[in-house]
Number of protein chains: 4
Amino acid sequence: MDETLSVGVVGAGYWGPNLIRNFGAHPSWDMKWVADTNDVHLSKIGKIYPAIALTKDYRDLLKDAALDAVAIATPVEFHYDMVRAALEAGKHVLVEKPLTSTTEEARRLRELARSRGKTIMVDHTFLYNGAVEHLRQLASEKSFGNIFYIDSVRVNLGLFQNSDVIYDLAPHDVSIINHVLNEYPVSVSANAGACVYSDLHDVAFLTLRYPSGVLAHAHLSWLSPVKIRKLSIAGSNRMAIWDDVEPSEKVKVYDKGVELRTDEESVYRRMVSYRVGDMHAPALDTTEALTKVVNAFHRAITTDERTKATVDDGLAVVAVLEAAHASVVQRGATITLDYPAD
Amino acid sequence: MDETLSVGVVGAGYWGPNLIRNFGAHPSWDMKWVADTNDVHLSKIGKIYPAIALTKDYRDLLKDAALDAVAIATPVEFHYDMVRAALEAGKHVLVEKPLTSTTEEARRLRELARSRGKTIMVDHTFLYNGAVEHLRQLASEKSFGNIFYIDSVRVNLGLFQNSDVIYDLAPHDVSIINHVLNEYPVSVSANAGACVYSDLHDVAFLTLRYPSGVLAHAHLSWLSPVKIRKLSIAGSNRMAIWDDVEPSEKVKVYDKGVELRTDEESVYRRMVSYRVGDMHAPALDTTEALTKVVNAFHRAITTDERTKATVDDGLAVVAVLEAAHASVVQRGATITLDYPAD
Amino acid sequence: MDETLSVGVVGAGYWGPNLIRNFGAHPSWDMKWVADTNDVHLSKIGKIYPAIALTKDYRDLLKDAALDAVAIATPVEFHYDMVRAALEAGKHVLVEKPLTSTTEEARRLRELARSRGKTIMVDHTFLYNGAVEHLRQLASEKSFGNIFYIDSVRVNLGLFQNSDVIYDLAPHDVSIINHVLNEYPVSVSANAGACVYSDLHDVAFLTLRYPSGVLAHAHLSWLSPVKIRKLSIAGSNRMAIWDDVEPSEKVKVYDKGVELRTDEESVYRRMVSYRVGDMHAPALDTTEALTKVVNAFHRAITTDERTKATVDDGLAVVAVLEAAHASVVQRGATITLDYPAD
Amino acid sequence: MDETLSVGVVGAGYWGPNLIRNFGAHPSWDMKWVADTNDVHLSKIGKIYPAIALTKDYRDLLKDAALDAVAIATPVEFHYDMVRAALEAGKHVLVEKPLTSTTEEARRLRELARSRGKTIMVDHTFLYNGAVEHLRQLASEKSFGNIFYIDSVRVNLGLFQNSDVIYDLAPHDVSIINHVLNEYPVSVSANAGACVYSDLHDVAFLTLRYPSGVLAHAHLSWLSPVKIRKLSIAGSNRMAIWDDVEPSEKVKVYDKGVELRTDEESVYRRMVSYRVGDMHAPALDTTEALTKVVNAFHRAITTDERTKATVDDGLAVVAVLEAAHASVVQRGATITLDYPAD
């Protein structure tokens, strides 16, 4: 039987209730505290979970010496201060994506966590999604061949907020692609538009380059009439598409590929062969990803098992967001990424 | 009854036969000559159209003083020399897209055509497609609102050839977007990958900016497991998607839009309203676009009616291709477009 | 302000909780009692709605003289006894579909309700669905033309239970088609298969004929690998398809039709013209249908407004189910429907 | 090298040109004659195939003693007389579906063909389609489990002609299902509507029962706003759907099934388990089916290889059409099928 750990959740607006529900249902988490500055949020939680302690001041959680961990589901601008305070109070931390607003903040939190011997996990929930797990496995298989490029489209109508479309949506694409490729990008070129509010990006295009040579692209938008959530991976032997809007058969693996011809004329004329075979839609693990997130957070604290979204992974995402913004300012010029060493 | 003009087609490989078929079926064109260096191509044409004169040397067409026009359907590297020779021989010219390999070549052909009083039309066939005609009309209507951005995806598995994916595919997207917006872009930022052959781009991403402020993006690829031909236009009042792979209902117009709220809190918090109404898929003109191209070419010669793809329009496309290549070399840096004046 | 009525729900298994939630949220219903023989069901309700009185014996509701109405969400075999007892106790009744197992039972309940001056409403929820409301309106419009035929497909993998697939699924199709056409069928021919259990139909095909001449067909199955919920209406001027599995654009109206030609040769050769115009996907009322059901039930009791699913409508559905079974036994032979007069 | 046989095609309207093209392209067929009463049809053929002998009188083919075979692509009312005359003249015969208008006619042609030692093949082209070949193989595999039922939908807007919708469309569904199951049905129940012309069925529903217990259903219509060509096979272990309108992935095989539970309560409550696994879309043979038809016809004459559409198979289809009409007259009553013995 696993050791029981206690946790408090800070922020009970949009995402917090999902964390509370999953911590509450987990056999080894004691869902103890919820903090939110908004009374309505708190009273909703109170009705469903009468046993949880409620507070408007998240520092009440930090003062509870018996509390093992906090999960922070507040807007990004609060992350740095809250995570730092939690670590200083000796708590392990699960924090919503993106980890922080700046790479420097992320670097400091990493340093602090290490010095205090505490775990930071970033809630890049999608990394625990059955489709992403399948794609990472697939991409690592020899039969997939060389990966040529990855394209991700994440568009729909809405959600405007103070955070721009890059901070709102790109953490998904960047964390997923980093995870699938098992590497961090070396550079980013980005363009963006501020169509509705002249000082807030609502559509953006990111081009990432990886050490292995893979090219990746993300199209992010709050201004599309239809919702698209589609990630394609083109390999030399096989190709895959994950369409998260489909109710079933979300991942399709195509036994298709491009083959170089080696005879002289073909090389001269750039002629290639195409191989077209079966399509396969694997059954995916449909466990709710967040259930696996809270479980992984527990194991990261109680064992030496790494999560799929460590503080390094979270920092890498923030570095890309920051560089993407710099590239947008420089109208698409490539920004080389530089991940701070420990 | 319209005046009958005679035409010769140069190049009878992939696209030429379509030109021959359409000129042959038009009541006011006399489909007189076909030139191709390949005997197999010529003999195929000969069997279907025994009345057409065949030659392996396109200069035979130019020597025919009675011939009014030539249509050039050869690879782009031959365009400049062939169009120039045709103009010098006093012929009107329909030329496949892209017009030339370089803007400077296009400028010279424009100058020559003007000095000789001859017409150059570029075969940007899609501009005569019923869907594009509908989109241009829609985009010009007040009810569509401000156009925010246009996204075009043109991907499939294959066709490798010496020309890269930008020269192969982007002429479609650029000519269509220019036509729909009725303006030429002011700058381009582009990234591309050479995944299969290290010296040949097979995937590319272009970001264009237009004088009116519209942002446009094109994703071009020869390495997608599924074929996508989709162009989305997001306006402030309505939005439209053209999906050319759909067998019917290719254009869908959404009565959806984003509305700014003007109360203080909404402005502060960047809150907007969304309007979601009906969707409408208009019946489109299904006349073969090329039929309308050969008709427009005839009218451009015999009347003062402008075609939808004049030498200026063709030059503008070439300028974007050239700038896109320059941007790729500079890894996404924005290149300002500069269209040579007459 | 509307008069407040009190209601008790009998059955809190699959559908009952939806009734409880909707009665609970309605401003003029006092959601007072819940009865269920299953302790687990009761305790779940008790946690969410501590103010509701719980009982394992539905007769406790009938004994509450202050209770105005009961909603019965139990398997069909209990409907007759429970509705009768409720009417005899002076309650208005909302009852799950189908109203009863036999037409004779339905007739008796109708008689009883009339003699007691109480309302019976059958919970044919779909009649309050925005798509069905739109289809009924459309079908009544002159511009739709003559209705030729209606086809309904309602298939998926599962749900086996003691009730067969006709009693489980056909109440939806029959009630919807009756409502859209505003008439009851005159005959039914049915075939069915008992593929998994030899004494339980799991796939069935019903052909209905209506007084106006309209032909209707329903394909019902628990054995389809994919879920389909699709109803098509072919009219002489327009045609419509309702695809309830689509996340958006559930109803598509096609400006398509068949036109008779009147010239002699066309009549002789049965040649017709097809008109193909725009397609239109109207924005639909997305209010939860059950919210409108509980509201209509309230209005039926407090005003003289008829519901869309009166006891006569419910009886007509039961008569079709019964006749369909008779036809299945007679291997497809047409059974004439005979609705008992008052 | 195969023996060369000569063939003449009777009827060059809608389908005949496809036969002519395929016989013409086959290395072992000499495409010698074409007969058609319509001059326009003949002259079109003459332009494309100057070497083919043309005639308005099909008896000219029969008089050509050197001609080995005729292919008859005329309306069904001419089949009996033409096939009989061809057999009497010593020709092998490929005849369009359906073989004849009546079972008795088909029986006589079978008898005549046997007595003359000649081959009759019916052009049920779909039996040589890669999707049907895959489905037949699949259905025969033990891993597919017991076949529960087959559903076929073949609807679109149009084609009216003197032949009704059952004779026009059902030959496809019946021949395909017979072939996939490798048996002929024992009974049919059918309902039909005559919506546009009161004496011509334009929508029909057929229920077939097979000796193995399989239930099959076909929905046929000329009055659907959208074109559907979909055949579903539900087996106890796996299920398959063939969607012929899809541009790719036409056949999808679902690793889904229904499993009986054998514990007492499950049996009592009719509870079953569902197994949901991967989906697989096999690459299909995309050779044009008619190419394989003309090849099979050649092999049936020159070897003892049976075609997939023998005169017995063709007769079985006609018997179903005839019985379906009888059932329609009797308003759905089941008609037992009785195939005449040799």
# chains A, B, ... in the order shown; residues from 1 in each chain; ligands from 1

$ residues_around --residues "D:Gly24" --least-positions-apart "5" --cutoff "10 Å" --atoms "only C-alpha atoms" --output "JSON, numbers by chain"
{"D": [7, 18, 19, 29, 30, 31, 32, 49, 52]}

$ select_by_dssp --residues "stretch 251-294 of chain D" --states "helix (DSSP H, G or I)" --output "list of chain:residue names"
D:Glu264, D:Glu265, D:Ser266, D:Val267, D:Tyr268, D:Ala289, D:Leu290, D:Thr291, D:Lys292, D:Val293, D:Val294

$ write_last_selection --atoms "C-alpha atoms" --output "mmCIF file, in the first residue's frame"
data_model
loop_
_atom_site.group_PDB
_atom_site.id
_atom_site.type_symbol
_atom_site.label_atom_id
_atom_site.label_comp_id
_atom_site.auth_asym_id
_atom_site.auth_seq_id
_atom_site.Cartn_x
_atom_site.Cartn_y
_atom_site.Cartn_z
ATOM 1 C CA GLU D 264 -26.403 -16.935 -14.391
ATOM 2 C CA GLU D 265 -27.324 -13.321 -13.727
ATOM 3 C CA SER D 266 -25.946 -12.153 -17.058
ATOM 4 C CA VAL D 267 -27.902 -14.777 -18.940
ATOM 5 C CA TYR D 268 -31.030 -13.887 -17.011
ATOM 6 C CA ALA D 289 -12.991 -4.250 -61.637
ATOM 7 C CA LEU D 290 -14.151 -4.406 -65.239
ATOM 8 C CA THR D 291 -10.609 -5.252 -66.330
ATOM 9 C CA LYS D 292 -10.854 -8.309 -64.118
ATOM 10 C CA VAL D 293 -14.339 -9.092 -65.483
ATOM 11 C CA VAL D 294 -13.196 -9.274 -69.096
#

$ residues_around --residues "D:Ser327" --least-positions-apart "6" --cutoff "10 Å" --atoms "only C-alpha atoms" --output "list in words"
Gly332 and Ala333 of chain C; Ser187, Val188, Ser189, Ala190, Asn191, Ala192, Leu206, Leu321, Ala333, Thr334, Ile335 and Thr336 of chain D

$ write_last_selection --atoms "N, CA and C atoms" --output "PDB file, in the first residue's frame"
ATOM      1  N   GLY C 332     -43.003  -9.893 -41.702  1.00  0.00           N
ATOM      2  CA  GLY C 332     -43.042  -8.714 -42.573  1.00  0.00           C
ATOM      3  C   GLY C 332     -44.413  -8.347 -43.095  1.00  0.00           C
ATOM      4  N   ALA C 333     -45.399  -9.203 -42.879  1.00  0.00           N
ATOM      5  CA  ALA C 333     -46.734  -8.894 -43.391  1.00  0.00           C
ATOM      6  C   ALA C 333     -47.203  -7.568 -42.778  1.00  0.00           C
TER       7      ALA C 333
ATOM      8  N   SER D 187     -35.463 -16.290 -48.479  1.00  0.00           N
ATOM      9  CA  SER D 187     -36.718 -15.544 -48.514  1.00  0.00           C
ATOM     10  C   SER D 187     -36.444 -14.058 -48.582  1.00  0.00           C
ATOM     11  N   VAL D 188     -37.477 -13.329 -49.015  1.00  0.00           N
ATOM     12  CA  VAL D 188     -37.361 -11.875 -49.090  1.00  0.00           C
ATOM     13  C   VAL D 188     -38.687 -11.235 -48.663  1.00  0.00           C
ATOM     14  N   SER D 189     -38.560 -10.152 -47.937  1.00  0.00           N
ATOM     15  CA  SER D 189     -39.695  -9.302 -47.588  1.00  0.00           C
ATOM     16  C   SER D 189     -39.324  -7.915 -48.067  1.00  0.00           C
ATOM     17  N   ALA D 190     -40.233  -7.263 -48.811  1.00  0.00           N
ATOM     18  CA  ALA D 190     -39.862  -5.963 -49.383  1.00  0.00           C
ATOM     19  C   ALA D 190     -41.006  -4.974 -49.310  1.00  0.00           C
ATOM     20  N   ASN D 191     -40.655  -3.727 -49.107  1.00  0.00           N
ATOM     21  CA  ASN D 191     -41.597  -2.618 -49.169  1.00  0.00           C
ATOM     22  C   ASN D 191     -40.994  -1.563 -50.081  1.00  0.00           C
ATOM     23  N   ALA D 192     -41.860  -0.859 -50.796  1.00  0.00           N
ATOM     24  CA  ALA D 192     -41.346   0.134 -51.722  1.00  0.00           C
ATOM     25  C   ALA D 192     -42.313   1.289 -51.828  1.00  0.00           C
ATOM     26  N   LEU D 206     -35.447  -3.915 -48.726  1.00  0.00           N
ATOM     27  CA  LEU D 206     -35.498  -5.374 -48.870  1.00  0.00           C
ATOM     28  C   LEU D 206     -34.893  -6.039 -47.637  1.00  0.00           C
ATOM     29  N   LEU D 321     -35.060 -10.461 -57.258  1.00  0.00           N
ATOM     30  CA  LEU D 321     -35.764  -9.272 -57.758  1.00  0.00           C
ATOM     31  C   LEU D 321     -37.241  -9.578 -57.979  1.00  0.00           C
ATOM     32  N   ALA D 333     -45.149  -8.998 -47.151  1.00  0.00           N
ATOM     33  CA  ALA D 333     -45.234 -10.411 -46.784  1.00  0.00           C
ATOM     34  C   ALA D 333     -44.008 -11.154 -47.320  1.00  0.00           C
ATOM     35  N   THR D 334     -43.493 -12.069 -46.521  1.00  0.00           N
ATOM     36  CA  THR D 334     -42.289 -12.802 -46.910  1.00  0.00           C
ATOM     37  C   THR D 334     -42.589 -13.768 -48.052  1.00  0.00           C
ATOM     38  N   ILE D 335     -41.746 -13.730 -49.049  1.00  0.00           N
ATOM     39  CA  ILE D 335     -41.834 -14.641 -50.187  1.00  0.00           C
ATOM     40  C   ILE D 335     -40.680 -15.628 -50.076  1.00  0.00           C
ATOM     41  N   THR D 336     -41.003 -16.913 -50.102  1.00  0.00           N
ATOM     42  CA  THR D 336     -39.951 -17.925 -50.046  1.00  0.00           C
ATOM     43  C   THR D 336     -39.336 -18.075 -51.432  1.00  0.00           C
TER      44      THR D 336
END

$ interface_residues --of "chain D" --to "chain A" --cutoff "7 Å" --atoms "only C-alpha atoms" --output "PyMOL selection string"
chain D and resi 277-283

$ atom_distance --atom1 "atom CA of D:Ala71" --atom2 "atom CA of D:Arg110"
16.3 Å

$ residues_around --residues "B:Gly213" --least-positions-apart "3" --cutoff "9 Å" --atoms "only C-alpha atoms" --output "ChimeraX atom specification"
/A:195 /B:147-149,209-210

$ select_by_dssp --residues "stretch 95-286 of chain C" --states "strand (DSSP E)" --output "PyMOL selection string"
chain C and resi 95-96+120-123+147-157+187-193+203-209+215-221+223-235+239-243+251-260+272-281

$ residues_around --residues "B:Pro171" --least-positions-apart "2" --cutoff "8 Å" --atoms "only C-alpha atoms" --output "JSON, numbers by chain"
{"B": [97, 98, 124, 166, 167, 168, 169, 173, 174, 175, 317, 318, 321]}

$ residues_around --residues "D:Val76" --least-positions-apart "5" --cutoff "12 Å" --atoms "only C-alpha atoms" --output "compact mmCIF listing (two decimals) with C-alpha atoms, in the first residue's frame"
# COMPACT_ATOMS: atom_id res chain seq x y z
CA GLY D 11 -25.05 -1.40 -76.83
CA ASP D 81 -33.90 -12.40 -76.84
CA MET D 82 -30.37 -11.22 -77.46
CA VAL D 83 -28.64 -13.75 -75.22
CA VAL D 95 -24.48 -9.83 -70.25
CA GLU D 96 -25.20 -6.79 -68.13
CA LYS D 97 -26.98 -7.22 -64.83
CA PRO D 98 -29.65 -8.20 -64.20
CA LEU D 99 -29.42 -11.29 -66.39
CA THR D 100 -33.10 -11.23 -67.38
CA SER D 101 -36.44 -9.81 -66.29
CA THR D 102 -37.76 -13.13 -64.99
CA GLU D 105 -36.13 -16.56 -68.77
CA ALA D 106 -32.91 -17.02 -66.84
CA VAL D 122 -23.24 -11.82 -65.88
CA GLN D 161 -35.76 5.35 -66.01
CA ASN D 162 -38.35 2.83 -67.04
CA SER D 163 -36.77 0.12 -64.90
CA ASP D 164 -37.69 0.66 -61.25
CA TYR D 167 -34.18 -3.62 -60.87
CA ASP D 168 -31.77 -0.71 -61.14
CA PRO D 171 -28.70 -6.40 -58.41
CA VAL D 318 -33.19 -12.34 -60.80

$ atom_distance --atom1 "atom CA of C:Ile150" --atom2 "atom CA of D:Ala170"
19.8 Å

$ atom_distance --atom1 "atom CA of D:Leu260" --atom2 "atom CA of D:Ser236"
9.6 Å

$ residues_around --residues "A:Phe126" --least-positions-apart "6" --cutoff "8 Å" --atoms "only C-alpha atoms" --output "list in words"
Val132, His172, Ile176 and Ala289 of chain A

$ write_last_selection --atoms "N, CA and C atoms" --output "mmCIF file, in the first residue's frame"
data_model
loop_
_atom_site.group_PDB
_atom_site.id
_atom_site.type_symbol
_atom_site.label_atom_id
_atom_site.label_comp_id
_atom_site.auth_asym_id
_atom_site.auth_seq_id
_atom_site.Cartn_x
_atom_site.Cartn_y
_atom_site.Cartn_z
ATOM 1 N N VAL A 132 -0.950 10.645 -27.098
ATOM 2 C CA VAL A 132 0.443 11.106 -27.062
ATOM 3 C C VAL A 132 1.363 9.956 -26.664
ATOM 4 N N HIS A 172 0.916 23.431 -25.052
ATOM 5 C CA HIS A 172 0.473 22.083 -25.447
ATOM 6 C C HIS A 172 1.347 21.534 -26.569
ATOM 7 N N ILE A 176 4.175 18.572 -26.174
ATOM 8 C CA ILE A 176 3.874 17.298 -26.847
ATOM 9 C C ILE A 176 4.982 16.943 -27.838
ATOM 10 N N ALA A 289 -6.327 11.575 -18.537
ATOM 11 C CA ALA A 289 -4.904 11.886 -18.413
ATOM 12 C C ALA A 289 -4.572 12.476 -17.045
#

$ closest_residue --among "D:Arg306, D:Arg136, D:Lys256, D:Lys227" --to "D:Glu183" --atoms "only C-alpha atoms"
D:Arg136

$ decode --residues "stretch 69-112 of chain D" --atoms "C-alpha atoms" --output "mmCIF file, in the first residue's frame"
data_model
loop_
_atom_site.group_PDB
_atom_site.id
_atom_site.type_symbol
_atom_site.label_atom_id
_atom_site.label_comp_id
_atom_site.auth_asym_id
_atom_site.auth_seq_id
_atom_site.Cartn_x
_atom_site.Cartn_y
_atom_site.Cartn_z
ATOM 1 C CA ALA D 69 -18.240 -13.906 -77.958
ATOM 2 C CA VAL D 70 -20.671 -11.060 -77.509
ATOM 3 C CA ALA D 71 -21.130 -8.682 -74.619
ATOM 4 C CA ILE D 72 -24.662 -7.343 -74.221
ATOM 5 C CA ALA D 73 -25.058 -3.922 -72.644
ATOM 6 C CA THR D 74 -28.671 -3.126 -73.508
ATOM 7 C CA PRO D 75 -31.688 -2.507 -71.238
ATOM 8 C CA VAL D 76 -32.860 -5.635 -69.431
ATOM 9 C CA GLU D 77 -35.971 -6.097 -71.560
ATOM 10 C CA PHE D 78 -33.748 -7.031 -74.517
ATOM 11 C CA HIS D 79 -31.500 -9.455 -72.636
ATOM 12 C CA TYR D 80 -33.495 -12.645 -73.063
ATOM 13 C CA ASP D 81 -33.900 -12.400 -76.836
ATOM 14 C CA MET D 82 -30.368 -11.224 -77.463
ATOM 15 C CA VAL D 83 -28.641 -13.754 -75.225
ATOM 16 C CA ARG D 84 -30.735 -16.576 -76.696
ATOM 17 C CA ALA D 85 -29.917 -15.514 -80.246
ATOM 18 C CA ALA D 86 -26.233 -15.234 -79.399
ATOM 19 C CA LEU D 87 -26.125 -18.684 -77.835
ATOM 20 C CA GLU D 88 -27.962 -20.138 -80.803
ATOM 21 C CA ALA D 89 -25.382 -18.555 -83.062
ATOM 22 C CA GLY D 90 -22.688 -20.309 -81.035
ATOM 23 C CA LYS D 91 -21.350 -17.308 -79.123
ATOM 24 C CA HIS D 92 -20.230 -17.066 -75.526
ATOM 25 C CA VAL D 93 -22.058 -14.268 -73.727
ATOM 26 C CA LEU D 94 -21.236 -11.589 -71.181
ATOM 27 C CA VAL D 95 -24.477 -9.831 -70.246
ATOM 28 C CA GLU D 96 -25.201 -6.790 -68.135
ATOM 29 C CA LYS D 97 -26.979 -7.218 -64.828
ATOM 30 C CA PRO D 98 -29.651 -8.198 -64.199
ATOM 31 C CA LEU D 99 -29.423 -11.294 -66.386
ATOM 32 C CA THR D 100 -33.103 -11.233 -67.382
ATOM 33 C CA SER D 101 -36.438 -9.811 -66.291
ATOM 34 C CA THR D 102 -37.757 -13.130 -64.993
ATOM 35 C CA THR D 103 -36.417 -16.262 -63.388
ATOM 36 C CA GLU D 104 -38.031 -18.397 -66.033
ATOM 37 C CA GLU D 105 -36.130 -16.564 -68.771
ATOM 38 C CA ALA D 106 -32.906 -17.019 -66.838
ATOM 39 C CA ARG D 107 -33.615 -20.720 -66.411
ATOM 40 C CA ARG D 108 -34.135 -21.153 -70.144
ATOM 41 C CA LEU D 109 -30.927 -19.330 -70.989
ATOM 42 C CA ARG D 110 -29.054 -21.524 -68.543
ATOM 43 C CA GLU D 111 -30.480 -24.630 -70.174
ATOM 44 C CA LEU D 112 -29.646 -23.341 -73.638
#
